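Structure file protein_15.tsv (TSV, C-alpha atoms) is printed below.
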```tsv
chain	number	residue	atom	x	y	z
A	290	MET	CA	2.53	-8.56	-15.97
A	291	GLU	CA	6.23	-9.23	-15.53
A	292	ILE	CA	7.48	-11.18	-12.57
A	293	THR	CA	10.38	-9.36	-11.01
A	294	GLU	CA	13.47	-10.72	-9.37
A	295	ASN	CA	13.45	-10.61	-5.60
A	296	LYS	CA	14.94	-7.42	-4.30
A	297	THR	CA	17.19	-7.28	-1.30
A	298	LEU	CA	15.87	-5.66	1.84
A	299	PRO	CA	17.62	-2.50	2.95
A	300	THR	CA	20.73	-2.80	5.10
A	301	LYS	CA	20.58	-1.51	8.67
A	302	THR	CA	22.10	1.82	7.63
A	303	GLU	CA	19.36	2.30	5.02
A	304	CYS	CA	16.57	1.32	7.43
A	305	ASP	CA	15.63	4.74	8.75
A	306	GLY	CA	15.46	6.16	5.23
A	307	SER	CA	13.32	3.29	3.93
A	308	LEU	CA	10.94	3.54	6.86
A	309	LYS	CA	10.55	7.29	6.35
A	310	ASN	CA	9.92	6.71	2.63
A	311	VAL	CA	7.21	4.11	3.29
A	312	ILE	CA	5.59	6.28	5.99
A	313	ASP	CA	5.52	9.20	3.53
A	314	ALA	CA	4.13	7.00	0.74
A	315	MET	CA	1.35	5.65	2.94
A	316	TYR	CA	0.50	9.16	4.11
A	317	VAL	CA	-1.02	9.78	0.66
A	318	LEU	CA	-1.87	6.20	-0.35
A	319	SER	CA	-3.39	4.73	2.81
A	320	GLY	CA	-6.89	3.38	2.99
A	321	ARG	CA	-8.38	0.28	1.53
A	322	TRP	CA	-9.44	1.85	-1.77
A	323	LYS	CA	-6.86	4.41	-2.94
A	324	LEU	CA	-4.42	2.02	-4.63
A	325	PRO	CA	-7.16	-0.13	-6.22
A	326	LEU	CA	-8.87	3.06	-7.48
A	327	ILE	CA	-5.60	4.35	-8.90
A	328	LEU	CA	-5.05	1.03	-10.71
A	329	CYS	CA	-8.63	1.08	-12.00
A	330	LEU	CA	-8.11	4.55	-13.51
A	331	VAL	CA	-4.56	3.93	-14.75
A	332	GLN	CA	-6.07	1.10	-16.82
A	333	SER	CA	-8.49	3.54	-18.49
A	334	PRO	CA	-10.47	6.74	-17.73
A	335	LYS	CA	-13.94	5.96	-16.40
A	336	ARG	CA	-17.26	7.43	-15.27
A	337	PHE	CA	-18.34	7.22	-11.62
A	338	ASN	CA	-20.76	4.35	-12.29
A	339	GLU	CA	-18.16	2.38	-14.22
A	340	ILE	CA	-15.68	2.73	-11.34
A	341	GLN	CA	-18.32	1.63	-8.84
A	342	LYS	CA	-19.11	-1.43	-10.95
A	343	GLU	CA	-15.44	-2.49	-10.96
A	344	MET	CA	-15.01	-1.90	-7.21
A	345	ALA	CA	-17.99	-4.05	-6.34
A	346	SER	CA	-18.17	-3.52	-2.58
A	347	ILE	CA	-17.48	0.22	-2.31
A	348	SER	CA	-20.38	2.49	-1.32
A	349	PRO	CA	-21.13	5.58	-3.46
A	350	LYS	CA	-20.34	7.87	-0.51
A	351	VAL	CA	-16.95	6.28	0.18
A	352	LEU	CA	-16.14	6.23	-3.54
A	353	SER	CA	-17.01	9.90	-3.84
A	354	ASN	CA	-14.78	10.82	-0.88
A	355	GLU	CA	-11.89	8.69	-2.12
A	356	LEU	CA	-12.06	10.26	-5.59
A	357	LYS	CA	-12.00	13.75	-4.04
A	358	ASP	CA	-8.93	12.80	-1.96
A	359	LEU	CA	-7.16	11.42	-5.00
A	360	GLU	CA	-7.98	14.57	-6.97
A	361	LEU	CA	-6.65	16.80	-4.17
A	362	ASN	CA	-3.39	14.82	-4.21
A	363	PHE	CA	-3.09	15.18	-8.01
A	364	PHE	CA	-3.46	11.46	-8.70
A	365	ILE	CA	-6.61	11.83	-10.79
A	366	GLU	CA	-8.38	14.51	-12.81
A	367	ARG	CA	-12.14	15.02	-12.93
A	368	LYS	CA	-13.05	16.13	-16.43
A	369	VAL	CA	-16.45	17.60	-17.20
A	370	PHE	CA	-17.73	17.46	-20.77
A	371	PRO	CA	-20.61	19.77	-21.77
A	372	THR	CA	-22.84	17.07	-23.18
A	373	THR	CA	-26.53	16.69	-22.30
A	374	PRO	CA	-26.58	15.42	-19.63
A	375	VAL	CA	-23.09	16.54	-18.55
A	376	SER	CA	-20.45	13.76	-18.77
A	377	ILE	CA	-17.96	13.46	-15.96
A	378	ILE	CA	-14.88	11.32	-16.54
A	379	TYR	CA	-12.20	10.43	-13.99
A	380	GLU	CA	-8.71	10.00	-15.40
A	381	ALA	CA	-5.33	9.10	-13.89
A	382	THR	CA	-2.76	11.90	-14.19
A	383	GLU	CA	0.65	11.37	-15.77
A	384	TYR	CA	2.21	11.47	-12.30
A	385	THR	CA	0.07	8.53	-11.18
A	386	HIS	CA	1.91	6.33	-13.65
A	387	THR	CA	5.00	6.60	-11.39
A	388	LEU	CA	3.10	4.14	-9.17
A	389	LYS	CA	3.13	1.36	-11.76
A	390	ASN	CA	5.93	-0.66	-10.10
A	391	VAL	CA	4.19	-0.44	-6.72
A	392	LEU	CA	0.89	-1.56	-8.29
A	393	ALA	CA	2.59	-4.38	-10.20
A	394	GLU	CA	4.25	-5.75	-7.03
A	395	LEU	CA	1.01	-5.40	-5.04
A	396	SER	CA	-0.85	-7.32	-7.71
A	397	ILE	CA	1.72	-10.13	-7.68
A	398	TRP	CA	1.61	-10.28	-3.88
A	399	GLY	CA	-2.20	-10.09	-3.73
A	400	GLU	CA	-2.51	-13.05	-6.08
A	401	LYS	CA	-0.03	-15.14	-4.08
A	402	HIS	CA	-1.70	-14.14	-0.82
A	403	ARG	CA	-5.12	-15.23	-2.09
A	404	ASP	CA	-3.67	-18.58	-3.16
A	405	LYS	CA	-2.03	-18.97	0.24
A	406	ILE	CA	-5.33	-18.29	2.02
A	407	LYS	CA	-7.15	-20.77	-0.23
A	408	GLN	CA	-4.52	-23.46	0.38
A	409	THR	CA	-4.06	-23.08	4.09
A	410	GLY	CA	-7.28	-21.42	5.22
A	411	PHE	CA	-5.04	-19.10	7.21
B	266	MET	CA	18.05	-0.77	-1.94
B	267	GLU	CA	18.14	-1.83	-5.57
B	268	ILE	CA	16.47	0.29	-8.19
B	269	THR	CA	14.31	-1.93	-10.37
B	270	GLU	CA	13.54	-1.70	-14.04
B	271	ASN	CA	10.16	-0.28	-14.87
B	272	LYS	CA	7.55	-2.95	-15.18
B	273	THR	CA	4.83	-2.91	-17.80
B	274	LEU	CA	1.29	-2.33	-16.66
B	275	PRO	CA	-1.14	-5.17	-17.21
B	276	THR	CA	-2.84	-5.49	-20.59
B	277	LYS	CA	-6.60	-4.97	-20.78
B	278	THR	CA	-7.24	-8.71	-20.52
B	279	GLU	CA	-5.21	-8.85	-17.29
B	280	CYS	CA	-6.92	-5.81	-15.80
B	281	ASP	CA	-9.71	-7.48	-13.90
B	282	GLY	CA	-7.27	-9.96	-12.37
B	283	SER	CA	-4.83	-7.23	-11.34
B	284	LEU	CA	-7.57	-5.13	-9.82
B	285	LYS	CA	-8.88	-8.08	-7.83
B	286	ASN	CA	-5.33	-8.84	-6.64
B	287	VAL	CA	-4.73	-5.28	-5.46
B	288	ILE	CA	-8.15	-5.11	-3.77
B	289	ASP	CA	-7.36	-8.37	-1.95
B	290	ALA	CA	-3.88	-7.13	-0.97
B	291	MET	CA	-5.23	-3.86	0.43
B	292	TYR	CA	-7.93	-5.73	2.34
B	293	VAL	CA	-5.20	-6.92	4.73
B	294	LEU	CA	-2.63	-4.12	4.27
B	295	SER	CA	-4.76	-0.98	4.27
B	296	GLY	CA	-4.34	1.81	6.76
B	297	ARG	CA	-1.62	4.36	7.15
B	298	TRP	CA	0.53	2.27	9.51
B	299	LYS	CA	0.43	-1.42	8.53
B	300	LEU	CA	3.06	-1.40	5.79
B	301	PRO	CA	5.44	0.93	7.70
B	302	LEU	CA	5.02	-1.29	10.80
B	303	ILE	CA	5.72	-4.41	8.77
B	304	LEU	CA	8.89	-2.82	7.35
B	305	CYS	CA	9.95	-1.70	10.83
B	306	LEU	CA	9.66	-5.28	12.14
B	307	VAL	CA	11.10	-6.94	9.04
B	308	GLN	CA	14.24	-4.90	9.69
B	309	SER	CA	14.53	-6.35	13.21
B	310	PRO	CA	12.33	-7.60	16.08
B	311	LYS	CA	11.48	-4.82	18.52
B	312	ARG	CA	9.73	-3.95	21.80
B	313	PHE	CA	6.59	-1.79	21.83
B	314	ASN	CA	8.50	1.32	22.95
B	315	GLU	CA	11.17	0.85	20.30
B	316	ILE	CA	8.50	0.59	17.59
B	317	GLN	CA	6.77	3.69	18.89
B	318	LYS	CA	10.05	5.62	18.83
B	319	GLU	CA	10.61	4.72	15.16
B	320	MET	CA	7.02	5.58	14.14
B	321	ALA	CA	7.23	9.02	15.71
B	322	SER	CA	3.68	10.23	15.20
B	323	ILE	CA	1.67	7.07	16.05
B	324	SER	CA	-0.30	7.07	19.31
B	325	PRO	CA	0.12	4.14	21.74
B	326	LYS	CA	-3.55	3.18	21.29
B	327	VAL	CA	-3.36	3.11	17.49
B	328	LEU	CA	-0.03	1.25	17.62
B	329	SER	CA	-1.51	-1.34	19.96
B	330	ASN	CA	-4.53	-1.89	17.68
B	331	GLU	CA	-2.39	-2.08	14.55
B	332	LEU	CA	-0.05	-4.65	16.14
B	333	LYS	CA	-3.08	-6.78	17.15
B	334	ASP	CA	-4.42	-6.63	13.58
B	335	LEU	CA	-1.05	-7.62	12.14
B	336	GLU	CA	-0.81	-10.51	14.62
B	337	LEU	CA	-4.31	-11.74	13.71
B	338	ASN	CA	-3.31	-11.73	10.04
B	339	PHE	CA	-0.11	-13.71	10.78
B	340	PHE	CA	2.24	-10.90	9.74
B	341	ILE	CA	3.86	-10.57	13.16
B	342	GLU	CA	4.36	-12.66	16.30
B	343	ARG	CA	4.18	-11.33	19.85
B	344	LYS	CA	6.76	-13.21	21.91
B	345	VAL	CA	6.70	-13.09	25.69
B	346	PHE	CA	9.91	-13.84	27.59
B	347	PRO	CA	9.68	-14.70	31.32
B	348	THR	CA	12.17	-12.10	32.50
B	349	THR	CA	11.50	-9.69	35.37
B	350	PRO	CA	9.74	-7.60	34.30
B	351	VAL	CA	8.31	-9.67	31.44
B	352	SER	CA	9.83	-8.83	28.01
B	353	ILE	CA	7.51	-8.63	25.02
B	354	ILE	CA	9.07	-8.63	21.58
B	355	TYR	CA	7.25	-8.16	18.27
B	356	GLU	CA	8.76	-10.04	15.34
B	357	ALA	CA	7.89	-10.29	11.63
B	358	THR	CA	6.88	-13.82	10.59
B	359	GLU	CA	8.57	-15.66	7.73
B	360	TYR	CA	5.48	-15.05	5.58
B	361	THR	CA	5.84	-11.29	6.02
B	362	HIS	CA	9.10	-11.44	4.07
B	363	THR	CA	7.02	-12.18	0.93
B	364	LEU	CA	6.18	-8.45	1.06
B	365	LYS	CA	9.77	-7.34	0.51
B	366	ASN	CA	9.31	-6.39	-3.16
B	367	VAL	CA	6.19	-4.37	-2.33
B	368	LEU	CA	8.06	-2.60	0.48
B	369	ALA	CA	11.09	-1.96	-1.73
B	370	GLU	CA	8.96	-0.37	-4.47
B	371	LEU	CA	6.98	1.68	-1.94
B	372	SER	CA	10.22	2.97	-0.46
B	373	ILE	CA	11.55	3.97	-3.88
B	374	TRP	CA	8.27	5.70	-4.73
B	375	GLY	CA	7.97	7.40	-1.32
B	376	GLU	CA	11.44	8.90	-1.71
B	377	LYS	CA	10.71	10.20	-5.22
B	378	HIS	CA	7.32	11.52	-4.10
B	379	ARG	CA	8.91	13.46	-1.22
B	380	ASP	CA	11.47	14.97	-3.63
B	381	LYS	CA	8.66	15.89	-6.02
B	382	ILE	CA	6.71	17.64	-3.25
B	383	LYS	CA	9.83	19.52	-2.12
B	384	GLN	CA	10.61	20.63	-5.69
B	385	THR	CA	7.15	21.63	-6.81
B	386	GLY	CA	5.33	22.27	-3.56
B	387	PHE	CA	2.51	20.26	-5.11
```
Using structure tokens, write down the structure from this file.
Amino acid sequence: MEITENKTLPTKTECDGSLKNVIDAMYVLSGRWKLPLILCLVQSPKRFNEIQKEMASISPKVLSNELKDLELNFFIERKVFPTTPVSIIYEATEYTHTLKNVLAELSIWGEKHRDKIKQTGF
Amino acid sequence: MEITENKTLPTKTECDGSLKNVIDAMYVLSGRWKLPLILCLVQSPKRFNEIQKEMASISPKVLSNELKDLELNFFIERKVFPTTPVSIIYEATEYTHTLKNVLAELSIWGEKHRDKIKQTGF
């Protein structure tokens, strides 16, 4: 994953716009699991059990609800294949790939944050 | 706010690491209000009422709980000044500024997402 140059924070005149943008973004992305789930499915389409395995501490009920929410917001598609038994695959939509910069920056920050916690115990 | 170049998504071998990073990041940043609140206070220190005014639809109770959570995680400081009546100012910590790239990308995405919804009604 590429490391990006630091970006400048918005100027005062851009503040209201930026805040509105972030509020709107978090309206559809909030919750502990939505962004990790999106990343998990952007990496490759998966079955329910495969997703649950990757997101170790999520309960089946929460995972099921989060997947429904993501589907309603057009971030993922639930594809049913007529095999025996039926195969159900969850896949990130093309639109979801517009989140790749957000996910990349979150990953960089998450890694640094974990290191910081390990170092300082804070 | 600068527009950044698209970043590449992680390769398969980096996937597990990226997913863990994003899960860890969202462990402390999840919820509809934390990232908007952080941006609001990174822009400038503010009083409770000023924050509430900027985050139009947040209730005082939720705002109070969210500010406590952010303080416990060392993202903000609550400063009390011995004026009459006492002044309480909430301020982003230096560490919080490490989130500026995440906030910048979220703002860019939030703006595009709003435009997309307006255009397509999706």
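Distance check against A:Gly306 using all atoms listed in the file: of B:Leu371, B:Val351, B:Ile382, B:Leu294, the minimum falls on B:Leu371.
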Next on the checklist: Please report the interatomic distance between atom CA of A:Gln341 and atom CA of B:Met291 in Å with one decimal.
Outcome noted: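 Separation between atom CA of A:Gln341 and atom CA of B:Met291: 17.0 Å.
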Item to check | Selected residue, from B:Thr385, B:Lys365, B:Thr349, B:Leu332, that lies nearest to chain A when counting all atoms listed in the file | outcome: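 Selected residue with least distance to chain A: B:Lys365.
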Next on the checklist: Show me, as a PyMOL selection string, the residues of chain A whose atoms get within 6 Å of chain B, using only C-alpha atoms for the distance check.
Outcome noted: chain A and resi 290+296+299+307+310-315+319-321+325+390-391+394-396+399-400
Item to check | atom CA of A:Leu359 to atom CA of B:Glu331, distance in Å rounded to a single decimal | outcome: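 These atoms are spaced 24.2 Å apart.
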Checklist entry - Can you tell me how far atom CA of A:Pro349 sits from atom CA of B:Asp334, in Å to one decimal? => result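 Atom CA of B:Asp334 lies at a distance of 26.8 Å from atom CA of A:Pro349.
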Checklist entry - Excluding same-chain residues fewer than 3 positions from A:Ile378, what lies within 12 Å of it counting all atoms listed in the file, as a list in words? => result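 So, after excluding close chain neighbours, the residues are Leu330, Ser333, Pro334, Lys335, Arg336, Phe337, Asn338, Glu339, Ile340, Leu356, Ile365, Glu366, Arg367, Lys368, Val369, Phe370, Pro371, Thr372, Val375 and Ala381 of chain A.
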Checklist entry - Looking at all atoms listed in the file, which of A:Lys407, A:Lys342, A:Tyr379, A:Ile347 is the one that sits closest to A:Phe364? => result A:Tyr379
As AutoDock Vina command-line options, what would the box around stretch 358-377 of chain B look like: edges along x, y and z, 6 Å added on every side, centre and edge lengths in Å to one decimal?
```
--center_x 8.5 --center_y -2.7 --center_z 2.7 --size_x 18.1 --size_y 37.9 --size_z 27.8
```
